[in-house]
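Enquirer: I am sharing target05.cif, which consists of mmCIF, C-alpha atoms:
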```cif
data_protein
#
loop_
_atom_site.group_PDB
_atom_site.id
_atom_site.type_symbol
_atom_site.label_atom_id
_atom_site.label_comp_id
_atom_site.auth_asym_id
_atom_site.auth_seq_id
_atom_site.Cartn_x
_atom_site.Cartn_y
_atom_site.Cartn_z
ATOM 1 C CA MET A 3 -34.192 142.008 62.958
ATOM 2 C CA LEU A 4 -34.026 145.638 61.943
ATOM 3 C CA GLY A 5 -31.807 146.549 59.106
ATOM 4 C CA GLY A 6 -33.426 145.786 55.775
ATOM 5 C CA GLY A 7 -30.613 146.558 53.335
ATOM 6 C CA GLY A 8 -28.442 147.785 56.180
ATOM 7 C CA GLY A 9 -27.235 144.395 57.366
ATOM 8 C CA GLY A 10 -28.944 144.278 60.782
ATOM 9 C CA TYR A 11 -26.947 147.104 62.366
ATOM 10 C CA LEU A 12 -29.730 147.669 64.887
ATOM 11 C CA SER A 13 -30.300 143.994 65.630
ATOM 12 C CA GLY A 14 -29.976 142.565 69.127
ATOM 13 C CA GLY A 15 -26.708 140.889 68.204
ATOM 14 C CA SER A 16 -25.229 144.109 66.838
ATOM 15 C CA GLU A 17 -26.353 146.005 69.931
ATOM 16 C CA ARG A 18 -24.746 143.472 72.266
ATOM 17 C CA ARG A 19 -21.485 143.560 70.311
ATOM 18 C CA CYS A 20 -21.361 147.348 70.252
ATOM 19 C CA ARG A 21 -22.294 147.701 73.915
ATOM 20 C CA ALA A 22 -19.569 145.239 74.894
ATOM 21 C CA ARG A 23 -16.955 147.005 72.820
ATOM 22 C CA LEU A 24 -17.868 150.438 74.139
ATOM 23 C CA ALA A 25 -17.990 149.191 77.742
ATOM 24 C CA ALA A 26 -14.568 147.560 77.364
ATOM 25 C CA ALA A 27 -13.105 150.885 76.275
ATOM 26 C CA GLY A 28 -14.072 152.289 79.681
ATOM 27 C CA ARG A 29 -14.584 155.868 78.568
ATOM 28 C CA GLY A 30 -15.437 158.176 81.419
ATOM 29 C CA GLY A 31 -17.299 161.444 81.780
ATOM 30 C CA ALA A 32 -14.463 163.971 81.801
ATOM 31 C CA ALA A 33 -15.611 165.704 78.597
ATOM 32 C CA ALA A 34 -16.889 169.269 78.920
ATOM 33 C CA ALA A 35 -19.644 168.671 76.355
ATOM 34 C CA ALA A 36 -21.589 165.792 74.867
ATOM 35 C CA VAL A 37 -23.710 165.003 71.833
ATOM 36 C CA LEU A 38 -26.239 162.266 71.244
ATOM 37 C CA VAL A 39 -25.537 160.101 68.194
ATOM 38 C CA PRO A 40 -29.084 158.932 67.389
ATOM 39 C CA LEU A 41 -29.434 155.639 65.567
ATOM 40 C CA CYS A 42 -32.936 154.943 64.302
ATOM 41 C CA ALA A 43 -34.887 152.885 61.795
ATOM 42 C CA VAL A 44 -36.773 154.625 58.984
ATOM 43 C CA ARG A 45 -39.258 152.244 57.401
ATOM 44 C CA GLY A 46 -37.078 149.399 58.632
ATOM 45 C CA ARG A 47 -33.812 150.830 57.289
ATOM 46 C CA PRO A 48 -31.065 151.684 59.825
ATOM 47 C CA ALA A 49 -30.178 155.367 59.731
ATOM 48 C CA LEU A 50 -28.535 158.203 61.633
ATOM 49 C CA LEU A 51 -30.537 161.240 62.676
ATOM 50 C CA PHE A 52 -28.988 164.688 62.265
ATOM 51 C CA THR A 53 -30.103 168.221 62.951
ATOM 52 C CA LEU A 54 -29.504 171.455 61.105
ATOM 53 C CA ARG A 55 -28.791 174.202 63.584
ATOM 54 C CA SER A 56 -30.988 177.263 63.295
ATOM 55 C CA SER A 57 -29.604 179.981 61.031
ATOM 56 C CA ALA A 58 -30.928 182.481 63.590
ATOM 57 C CA LEU A 59 -28.352 181.349 66.158
ATOM 58 C CA ARG A 60 -25.436 183.629 66.777
ATOM 59 C CA GLY A 61 -21.897 182.399 66.397
ATOM 60 C CA PRO A 62 -19.975 180.350 63.849
ATOM 61 C CA HIS A 63 -22.177 177.246 64.040
ATOM 62 C CA SER A 64 -25.512 178.614 62.809
ATOM 63 C CA GLY A 65 -26.797 176.521 59.943
ATOM 64 C CA ASP A 66 -24.363 173.689 60.689
ATOM 65 C CA VAL A 67 -25.232 170.006 60.421
ATOM 66 C CA SER A 68 -24.888 168.556 63.897
ATOM 67 C CA PHE A 69 -26.029 166.036 66.472
ATOM 68 C CA PRO A 70 -28.132 167.240 69.422
ATOM 69 C CA GLY A 71 -25.862 168.226 72.272
ATOM 70 C CA GLY A 72 -24.027 170.947 74.105
ATOM 71 C CA LYS A 73 -21.962 171.866 77.133
ATOM 72 C CA ARG A 74 -22.212 169.947 80.370
ATOM 73 C CA ASP A 75 -24.256 171.581 83.131
ATOM 74 C CA PRO A 76 -23.141 171.347 86.777
ATOM 75 C CA ALA A 77 -26.276 169.322 87.502
ATOM 76 C CA ASP A 78 -25.430 166.712 84.849
ATOM 77 C CA GLY A 79 -24.102 163.554 86.427
ATOM 78 C CA ASP A 80 -22.079 162.535 83.393
ATOM 79 C CA ALA A 81 -21.789 162.830 79.618
ATOM 80 C CA VAL A 82 -24.828 160.617 79.105
ATOM 81 C CA ALA A 83 -26.948 162.950 81.248
ATOM 82 C CA THR A 84 -25.710 165.932 79.231
ATOM 83 C CA ALA A 85 -26.556 164.303 75.895
ATOM 84 C CA LEU A 86 -30.028 163.214 77.048
ATOM 85 C CA ARG A 87 -30.814 166.641 78.523
ATOM 86 C CA GLU A 88 -29.701 168.464 75.372
ATOM 87 C CA THR A 89 -31.719 166.084 73.201
ATOM 88 C CA ARG A 90 -34.795 166.792 75.315
ATOM 89 C CA GLU A 91 -34.215 170.546 75.034
ATOM 90 C CA GLU A 92 -33.523 170.544 71.283
ATOM 91 C CA LEU A 93 -35.901 167.847 70.018
ATOM 92 C CA GLY A 94 -38.465 167.490 72.796
ATOM 93 C CA LEU A 95 -37.493 163.839 73.080
ATOM 94 C CA GLY A 96 -37.291 162.269 76.534
ATOM 95 C CA LEU A 97 -35.005 159.325 75.926
ATOM 96 C CA GLY A 98 -34.371 156.770 78.660
ATOM 97 C CA ALA A 99 -30.840 155.792 79.628
ATOM 98 C CA GLN A 100 -31.594 152.198 78.614
ATOM 99 C CA ARG A 101 -31.534 153.365 74.997
ATOM 100 C CA VAL A 102 -27.883 154.373 75.312
ATOM 101 C CA TRP A 103 -25.345 151.868 73.966
ATOM 102 C CA GLY A 104 -22.245 153.628 75.260
ATOM 103 C CA LEU A 105 -19.677 156.342 74.617
ATOM 104 C CA LEU A 106 -17.563 156.697 71.500
ATOM 105 C CA PRO A 107 -14.078 158.255 71.795
ATOM 106 C CA ALA A 108 -14.219 161.902 72.859
ATOM 107 C CA VAL A 109 -13.017 164.396 70.266
ATOM 108 C CA PRO A 110 -12.069 168.089 70.572
ATOM 109 C CA ASP A 111 -14.055 170.840 68.939
ATOM 110 C CA ARG A 112 -12.437 173.836 67.275
ATOM 111 C CA GLN A 113 -11.885 175.521 70.653
ATOM 112 C CA GLY A 114 -10.173 172.403 72.012
ATOM 113 C CA MET A 115 -13.143 171.473 74.231
ATOM 114 C CA MET A 116 -13.558 167.711 74.507
ATOM 115 C CA VAL A 117 -16.915 166.427 73.253
ATOM 116 C CA ALA A 118 -18.207 162.984 74.236
ATOM 117 C CA PRO A 119 -20.377 161.250 71.592
ATOM 118 C CA VAL A 120 -23.122 159.177 73.248
ATOM 119 C CA LEU A 121 -24.463 156.441 70.973
ATOM 120 C CA ALA A 122 -28.155 155.596 71.403
ATOM 121 C CA ASN A 123 -30.910 153.836 69.490
ATOM 122 C CA LEU A 124 -34.211 155.688 69.141
ATOM 123 C CA GLY A 125 -35.899 152.661 67.584
ATOM 124 C CA PRO A 126 -38.365 153.008 64.683
ATOM 125 C CA LEU A 127 -38.626 156.706 63.890
ATOM 126 C CA GLU A 128 -42.303 156.242 63.042
ATOM 127 C CA ASP A 129 -42.902 155.566 66.746
ATOM 128 C CA VAL A 130 -41.004 158.654 67.921
ATOM 129 C CA THR A 131 -42.541 162.098 68.394
ATOM 130 C CA LEU A 132 -40.089 164.940 67.843
ATOM 131 C CA THR A 133 -40.883 168.571 68.666
ATOM 132 C CA PRO A 134 -37.776 170.503 67.579
ATOM 133 C CA ASN A 135 -37.061 173.780 69.337
ATOM 134 C CA PRO A 136 -37.169 176.319 66.465
ATOM 135 C CA GLN A 137 -34.765 178.601 68.308
ATOM 136 C CA GLU A 138 -32.082 175.920 68.068
ATOM 137 C CA VAL A 139 -33.066 173.497 65.323
ATOM 138 C CA GLU A 140 -33.995 174.441 61.768
ATOM 139 C CA GLU A 141 -34.428 170.925 60.402
ATOM 140 C CA VAL A 142 -34.256 167.287 61.463
ATOM 141 C CA PHE A 143 -33.234 164.741 58.834
ATOM 142 C CA THR A 144 -31.973 161.180 58.569
ATOM 143 C CA VAL A 145 -29.403 159.481 56.360
ATOM 144 C CA PRO A 146 -29.508 155.686 55.887
ATOM 145 C CA LEU A 147 -26.419 153.837 57.073
ATOM 146 C CA ALA A 148 -26.343 152.098 53.686
ATOM 147 C CA HIS A 149 -25.948 155.524 52.043
ATOM 148 C CA LEU A 150 -23.143 156.572 54.377
ATOM 149 C CA LEU A 151 -21.313 153.292 53.731
ATOM 150 C CA GLN A 152 -21.244 153.741 49.951
ATOM 151 C CA ALA A 153 -17.863 154.890 48.657
ATOM 152 C CA GLN A 154 -19.368 157.417 46.242
ATOM 153 C CA ASN A 155 -20.890 159.267 49.200
ATOM 154 C CA GLN A 156 -17.614 159.545 51.124
ATOM 155 C CA GLY A 157 -15.216 162.444 50.584
ATOM 156 C CA TYR A 158 -12.024 163.513 52.297
ATOM 157 C CA THR A 159 -10.480 166.888 53.016
ATOM 158 C CA HIS A 160 -6.687 166.934 53.149
ATOM 159 C CA PHE A 161 -5.037 169.639 55.268
ATOM 160 C CA ARG A 162 -1.531 170.970 54.836
ATOM 161 C CA SER A 163 0.590 172.874 57.323
ATOM 162 C CA LYS A 164 3.782 174.713 56.377
ATOM 163 C CA GLY A 165 3.618 173.231 52.907
ATOM 164 C CA ARG A 166 3.393 169.617 54.057
ATOM 165 C CA TYR A 167 0.548 167.149 54.426
ATOM 166 C CA SER A 168 -0.850 167.348 57.946
ATOM 167 C CA HIS A 169 -4.099 165.407 58.317
ATOM 168 C CA THR A 170 -7.302 164.250 56.637
ATOM 169 C CA LEU A 171 -10.906 164.584 57.766
ATOM 170 C CA PRO A 172 -14.066 162.984 56.348
ATOM 171 C CA VAL A 173 -17.006 164.503 54.495
ATOM 172 C CA PHE A 174 -20.233 162.620 53.723
ATOM 173 C CA LEU A 175 -21.914 163.690 50.515
ATOM 174 C CA ASN A 176 -25.086 163.357 48.415
ATOM 175 C CA GLY A 177 -27.571 163.332 51.311
ATOM 176 C CA PRO A 178 -30.118 166.001 52.274
ATOM 177 C CA HIS A 179 -27.180 168.052 53.578
ATOM 178 C CA ARG A 180 -23.434 167.590 53.478
ATOM 179 C CA VAL A 181 -22.124 166.148 56.751
ATOM 180 C CA TRP A 182 -18.778 167.648 57.667
ATOM 181 C CA GLY A 183 -16.628 168.845 60.547
ATOM 182 C CA LEU A 184 -16.848 167.322 63.995
ATOM 183 C CA THR A 185 -20.181 165.745 63.065
ATOM 184 C CA ALA A 186 -18.511 163.879 60.185
ATOM 185 C CA VAL A 187 -15.698 162.692 62.468
ATOM 186 C CA ILE A 188 -18.258 161.273 64.917
ATOM 187 C CA THR A 189 -20.235 159.742 62.048
ATOM 188 C CA GLU A 190 -17.070 158.008 60.879
ATOM 189 C CA LEU A 191 -16.402 156.603 64.356
ATOM 190 C CA THR A 192 -19.993 155.327 64.436
ATOM 191 C CA LEU A 193 -19.691 153.571 61.074
ATOM 192 C CA GLU A 194 -16.404 151.997 62.121
ATOM 193 C CA LEU A 195 -18.108 150.565 65.212
ATOM 194 C CA LEU A 196 -21.283 149.379 63.482
ATOM 195 C CA ALA A 197 -19.767 148.009 60.291
ATOM 196 C CA PRO A 198 -16.131 147.042 60.957
ATOM 197 C CA ASP A 199 -16.119 144.676 57.969
ATOM 198 C CA LEU A 200 -17.366 147.345 55.575
ATOM 199 C CA TYR A 201 -15.958 150.601 56.909
ATOM 200 C CA ARG A 202 -12.412 151.257 57.975
ATOM 201 C CA ARG A 203 -11.374 154.770 58.888
ATOM 202 C CA LYS A 204 -8.990 156.283 56.358
ATOM 203 C CA THR A 205 -8.538 159.644 58.024
ATOM 204 C CA ARG A 206 -6.033 161.081 60.430
ATOM 205 C CA GLN A 207 -7.376 163.606 62.895
ATOM 206 C CA PRO A 208 -4.963 166.393 63.895
ATOM 207 C CA TRP A 209 -5.063 165.421 67.581
ATOM 208 C CA GLU A 210 -3.957 161.845 66.896
ATOM 209 C CA GLN A 211 -0.279 161.168 67.412
ATOM 210 C CA ARG A 212 0.406 158.164 65.256
ATOM 211 C CA THR A 213 1.915 157.240 61.906
ATOM 212 C CA PHE A 214 -0.584 157.578 59.091
ATOM 213 C CA GLN A 215 -0.521 156.955 55.383
ATOM 214 C CA LYS A 216 -2.379 159.522 53.297
ATOM 215 C CA PRO A 217 -5.521 157.995 51.748
ATOM 216 C CA LEU A 218 -5.453 157.641 47.988
ATOM 217 C CA GLY A 219 -8.046 157.204 45.300
ATOM 218 C CA ARG A 220 -11.304 158.337 46.925
ATOM 219 C CA GLU A 221 -10.724 161.955 47.848
ATOM 220 C CA ASN A 222 -12.704 164.704 46.118
ATOM 221 C CA SER A 223 -9.932 167.176 45.382
ATOM 222 C CA THR A 224 -9.766 170.717 44.079
ATOM 223 C CA GLU A 225 -6.970 173.274 44.029
ATOM 224 C CA PRO A 226 -5.448 174.133 47.446
ATOM 225 C CA GLN A 227 -6.960 177.101 49.205
ATOM 226 C CA SER A 228 -5.962 178.825 52.425
ATOM 227 C CA ARG A 229 -8.227 178.409 55.429
ATOM 228 C CA ASP A 230 -7.762 178.415 59.166
ATOM 229 C CA PHE A 231 -8.573 175.105 60.810
ATOM 230 C CA TRP A 232 -9.473 174.790 64.487
ATOM 231 C CA SER A 233 -7.935 177.405 66.752
ATOM 232 C CA ARG A 234 -5.450 174.881 68.096
ATOM 233 C CA HIS A 235 -4.294 174.030 64.549
ATOM 234 C CA PRO A 236 -4.140 177.386 62.727
ATOM 235 C CA GLY A 237 -2.613 178.057 59.372
ATOM 236 C CA GLY A 238 -3.526 174.817 57.626
ATOM 237 C CA ASN A 239 -4.564 174.589 53.981
ATOM 238 C CA TYR A 240 -7.133 172.207 52.596
ATOM 239 C CA VAL A 241 -8.040 170.535 49.361
ATOM 240 C CA GLY A 242 -11.386 168.980 48.656
ATOM 241 C CA PRO A 243 -14.911 169.880 49.727
ATOM 242 C CA GLU A 244 -15.140 172.895 52.006
ATOM 243 C CA LEU A 245 -14.904 171.815 55.633
ATOM 244 C CA ALA A 246 -15.723 173.493 58.911
ATOM 245 C CA CYS A 247 -16.316 171.931 62.322
ATOM 246 C CA THR A 248 -19.286 171.946 64.646
ATOM 247 C CA SER A 249 -19.316 171.812 68.399
#
```
Could you rewrite the structure in this file as structure tokens?

Expert:
Amino acid sequence: MLGGGGGGYLSGGSERRCRARLAAAGRGGAAAAAVLVPLCAVRGRPALLFTLRSSALRGPHSGDVSFPGGKRDPADGDAVATALRETREELGLGLGAQRVWGLLPAVPDRQGMMVAPVLANLGPLEDVTLTPNPQEVEEVFTVPLAHLLQAQNQGYTHFRSKGRYSHTLPVFLNGPHRVWGLTAVITELTLELLAPDLYRRKTRQPWEQRTFQKPLGRENSTEPQSRDFWSRHPGGNYVGPELACTS
């Protein structure tokens, strides 16, 4: 069983449970973009693999922490095909579809484009050869699931709109790089799936229409500052660690 201190999150039993839950959700391929959410084992410890986008890229996302992915091509059969193709282009990794566990809930990026997170297990990272494309990827790094699940490494950014509390988004701290934005939202969904007994989402995304109680006690707060959020939710203010969103 893989997992070490991580509780067997990559074990056969965990994989079967997660696959069944994701299949039961019946998420389709309507998203305009997809990212691969790469589970892996680093010296036997379950981890997530992230990339740091090249600072040479143009646009607002250069230097962002992200998962490999991008927009769907006409030739892509579905979101899984998009995520696997983008992973091959960015990391030089040809991953088979059998490694894919399923699709997490699609989430919108800052332009409102729906992004489908495709959860997959790379296996032991020591057995994987990665050849990052330097034009797109500046760094590849991993964060153990045990680290992400520790309360001291979890922060929250509270947004306000028109002087009132609007929503809360996650930030994961104290790793090689701070994980924030859309990547943090997808990381949170992944932890909730893998470790339902240890991690329960305490955030409210702005696109969710449901009653939500503001989280208390674990946010990393500073004085309010003005900042535009995603284009579809302008004018919000935030408190806490600086947050931006990746696509």

Enquirer: Quick one: of A:Gly71, A:Gly177, A:Pro146, A:Pro136, who's nearest to Leu51 of chain A, counting all atoms listed in the file?

Expert: A:Pro146

Enquirer: Skipping near chain neighbours, those fewer than 6 positions away, what residues fall within 10 Å of Arg90 of chain A using all atoms listed in the file, listed as a PyMOL selection string?

Expert: chain A and resi 70-71+84+96-97+132-135

Enquirer: Pick the closest to Leu147 of chain A from A:Ala35, A:Ala186, A:Ala197, A:Val181: which is it, counting all atoms listed in the file?

Expert: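 Using all atoms listed in the file, the shortest distance to Leu147 of chain A belongs to A:Ala197.
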
Enquirer: Expand the PyMOL selection byres ((chain A and resi 151) around 10) into the individual residues it matches in the shown file, reporting them as a PyMOL selection string.

Expert: chain A and resi 8+146-150+152-156+174+190+193-194+197+200-201

Enquirer: Write the selection just made, keeping C-alpha atoms, as a PDB file, in the frame of the given file?

Expert:
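Output saved as part-v4.pdb:
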```
ATOM      1  CA  GLY A   8     -28.442 147.785  56.180  1.00  0.00           C
ATOM      2  CA  PRO A 146     -29.508 155.686  55.887  1.00  0.00           C
ATOM      3  CA  LEU A 147     -26.419 153.837  57.073  1.00  0.00           C
ATOM      4  CA  ALA A 148     -26.343 152.098  53.686  1.00  0.00           C
ATOM      5  CA  HIS A 149     -25.948 155.524  52.043  1.00  0.00           C
ATOM      6  CA  LEU A 150     -23.143 156.572  54.377  1.00  0.00           C
ATOM      7  CA  GLN A 152     -21.244 153.741  49.951  1.00  0.00           C
ATOM      8  CA  ALA A 153     -17.863 154.890  48.657  1.00  0.00           C
ATOM      9  CA  GLN A 154     -19.368 157.417  46.242  1.00  0.00           C
ATOM     10  CA  ASN A 155     -20.890 159.267  49.200  1.00  0.00           C
ATOM     11  CA  GLN A 156     -17.614 159.545  51.124  1.00  0.00           C
ATOM     12  CA  PHE A 174     -20.233 162.620  53.723  1.00  0.00           C
ATOM     13  CA  GLU A 190     -17.070 158.008  60.879  1.00  0.00           C
ATOM     14  CA  LEU A 193     -19.691 153.571  61.074  1.00  0.00           C
ATOM     15  CA  GLU A 194     -16.404 151.997  62.121  1.00  0.00           C
ATOM     16  CA  ALA A 197     -19.767 148.009  60.291  1.00  0.00           C
ATOM     17  CA  LEU A 200     -17.366 147.345  55.575  1.00  0.00           C
ATOM     18  CA  TYR A 201     -15.958 150.601  56.909  1.00  0.00           C
TER      19      TYR A 201
END
```

Enquirer: I need the residue nearest Val130 of chain A from this list: A:Gly28, A:Phe69, A:Pro40, A:Ala118. Use all atoms listed in the file for the distance.

Expert: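 Looking only at the distances to Val130 of chain A, the closest residue turns out to be A:Pro40.
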
Enquirer: Give the answer as one residue: which of A:Leu86, A:Arg29, A:Ala43, A:Ala58 has the shortest atom-to-atom distance to Gly98 of chain A, using only C-alpha atoms?

Expert: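 Among the listed residues, the smallest separation from Gly98 of chain A belongs to A:Leu86.
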
Enquirer: Got a sec: who's within 10 Å of Gln137 of chain A, counting all atoms listed in the file, leaving out chain neighbours fewer than 2 positions off, as a list in words?

Expert: Arg55, Ser56, Ser57, Ala58, Leu59, Glu92, Pro134, Asn135, Val139 and Glu140 of chain A

Enquirer: Please rebuild segment 183-193 of chain A with all heavy atoms and give the result as a PDB file, keeping the file's coordinate frame.

Expert:
```
ATOM      1  N   GLY A 183     -17.125 168.376  59.265  1.00  0.00           N
ATOM      2  CA  GLY A 183     -16.628 168.845  60.547  1.00  0.00           C
ATOM      3  C   GLY A 183     -16.658 167.777  61.629  1.00  0.00           C
ATOM      4  O   GLY A 183     -16.527 166.580  61.367  1.00  0.00           O
ATOM      5  N   LEU A 184     -16.831 168.230  62.857  1.00  0.00           N
ATOM      6  CA  LEU A 184     -16.848 167.322  63.995  1.00  0.00           C
ATOM      7  C   LEU A 184     -17.956 166.279  63.855  1.00  0.00           C
ATOM      8  O   LEU A 184     -17.787 165.121  64.250  1.00  0.00           O
ATOM      9  CB  LEU A 184     -17.031 168.117  65.293  1.00  0.00           C
ATOM     10  CG  LEU A 184     -16.882 167.339  66.591  1.00  0.00           C
ATOM     11  CD1 LEU A 184     -15.470 166.823  66.760  1.00  0.00           C
ATOM     12  CD2 LEU A 184     -17.269 168.201  67.785  1.00  0.00           C
ATOM     13  N   THR A 185     -19.080 166.684  63.266  1.00  0.00           N
ATOM     14  CA  THR A 185     -20.181 165.745  63.065  1.00  0.00           C
ATOM     15  C   THR A 185     -19.761 164.613  62.129  1.00  0.00           C
ATOM     16  O   THR A 185     -20.131 163.452  62.343  1.00  0.00           O
ATOM     17  CB  THR A 185     -21.412 166.480  62.500  1.00  0.00           C
ATOM     18  OG1 THR A 185     -21.760 167.550  63.391  1.00  0.00           O
ATOM     19  CG2 THR A 185     -22.597 165.551  62.354  1.00  0.00           C
ATOM     20  N   ALA A 186     -18.991 164.920  61.099  1.00  0.00           N
ATOM     21  CA  ALA A 186     -18.511 163.879  60.185  1.00  0.00           C
ATOM     22  C   ALA A 186     -17.513 162.958  60.875  1.00  0.00           C
ATOM     23  O   ALA A 186     -17.505 161.746  60.639  1.00  0.00           O
ATOM     24  CB  ALA A 186     -17.881 164.513  58.952  1.00  0.00           C
ATOM     25  N   VAL A 187     -16.659 163.515  61.726  1.00  0.00           N
ATOM     26  CA  VAL A 187     -15.698 162.692  62.468  1.00  0.00           C
ATOM     27  C   VAL A 187     -16.449 161.690  63.348  1.00  0.00           C
ATOM     28  O   VAL A 187     -16.109 160.493  63.396  1.00  0.00           O
ATOM     29  CB  VAL A 187     -14.768 163.579  63.320  1.00  0.00           C
ATOM     30  CG1 VAL A 187     -13.902 162.729  64.242  1.00  0.00           C
ATOM     31  CG2 VAL A 187     -13.883 164.441  62.423  1.00  0.00           C
ATOM     32  N   ILE A 188     -17.486 162.155  64.047  1.00  0.00           N
ATOM     33  CA  ILE A 188     -18.258 161.273  64.917  1.00  0.00           C
ATOM     34  C   ILE A 188     -19.042 160.261  64.091  1.00  0.00           C
ATOM     35  O   ILE A 188     -19.175 159.091  64.477  1.00  0.00           O
ATOM     36  CB  ILE A 188     -19.191 162.108  65.820  1.00  0.00           C
ATOM     37  CG1 ILE A 188     -18.348 162.971  66.771  1.00  0.00           C
ATOM     38  CG2 ILE A 188     -20.134 161.208  66.604  1.00  0.00           C
ATOM     39  CD1 ILE A 188     -19.154 163.976  67.574  1.00  0.00           C
ATOM     40  N   THR A 189     -19.555 160.677  62.942  1.00  0.00           N
ATOM     41  CA  THR A 189     -20.235 159.742  62.048  1.00  0.00           C
ATOM     42  C   THR A 189     -19.285 158.639  61.611  1.00  0.00           C
ATOM     43  O   THR A 189     -19.659 157.453  61.575  1.00  0.00           O
ATOM     44  CB  THR A 189     -20.778 160.490  60.814  1.00  0.00           C
ATOM     45  OG1 THR A 189     -21.737 161.464  61.240  1.00  0.00           O
ATOM     46  CG2 THR A 189     -21.420 159.541  59.820  1.00  0.00           C
ATOM     47  N   GLU A 190     -18.064 158.997  61.294  1.00  0.00           N
ATOM     48  CA  GLU A 190     -17.070 158.008  60.879  1.00  0.00           C
ATOM     49  C   GLU A 190     -16.772 157.008  62.000  1.00  0.00           C
ATOM     50  O   GLU A 190     -16.687 155.793  61.764  1.00  0.00           O
ATOM     51  CB  GLU A 190     -15.793 158.724  60.449  1.00  0.00           C
ATOM     52  CG  GLU A 190     -14.738 157.804  59.870  1.00  0.00           C
ATOM     53  CD  GLU A 190     -13.553 158.572  59.340  1.00  0.00           C
ATOM     54  OE1 GLU A 190     -12.904 159.286  60.125  1.00  0.00           O
ATOM     55  OE2 GLU A 190     -13.269 158.450  58.147  1.00  0.00           O
ATOM     56  N   LEU A 191     -16.629 157.500  63.220  1.00  0.00           N
ATOM     57  CA  LEU A 191     -16.402 156.603  64.356  1.00  0.00           C
ATOM     58  C   LEU A 191     -17.578 155.652  64.544  1.00  0.00           C
ATOM     59  O   LEU A 191     -17.400 154.475  64.899  1.00  0.00           O
ATOM     60  CB  LEU A 191     -16.186 157.428  65.626  1.00  0.00           C
ATOM     61  CG  LEU A 191     -14.916 158.281  65.690  1.00  0.00           C
ATOM     62  CD1 LEU A 191     -14.938 159.175  66.928  1.00  0.00           C
ATOM     63  CD2 LEU A 191     -13.675 157.416  65.679  1.00  0.00           C
ATOM     64  N   THR A 192     -18.786 156.156  64.297  1.00  0.00           N
ATOM     65  CA  THR A 192     -19.993 155.327  64.436  1.00  0.00           C
ATOM     66  C   THR A 192     -20.015 154.224  63.386  1.00  0.00           C
ATOM     67  O   THR A 192     -20.312 153.057  63.691  1.00  0.00           O
ATOM     68  CB  THR A 192     -21.248 156.204  64.310  1.00  0.00           C
ATOM     69  OG1 THR A 192     -21.203 157.238  65.296  1.00  0.00           O
ATOM     70  CG2 THR A 192     -22.516 155.385  64.497  1.00  0.00           C
ATOM     71  N   LEU A 193     -19.708 154.568  62.143  1.00  0.00           N
ATOM     72  CA  LEU A 193     -19.691 153.571  61.074  1.00  0.00           C
ATOM     73  C   LEU A 193     -18.626 152.513  61.327  1.00  0.00           C
ATOM     74  O   LEU A 193     -18.837 151.321  61.070  1.00  0.00           O
ATOM     75  CB  LEU A 193     -19.448 154.249  59.727  1.00  0.00           C
ATOM     76  CG  LEU A 193     -20.530 155.213  59.251  1.00  0.00           C
ATOM     77  CD1 LEU A 193     -20.116 155.854  57.940  1.00  0.00           C
ATOM     78  CD2 LEU A 193     -21.868 154.498  59.097  1.00  0.00           C
TER      79      LEU A 193
END
```
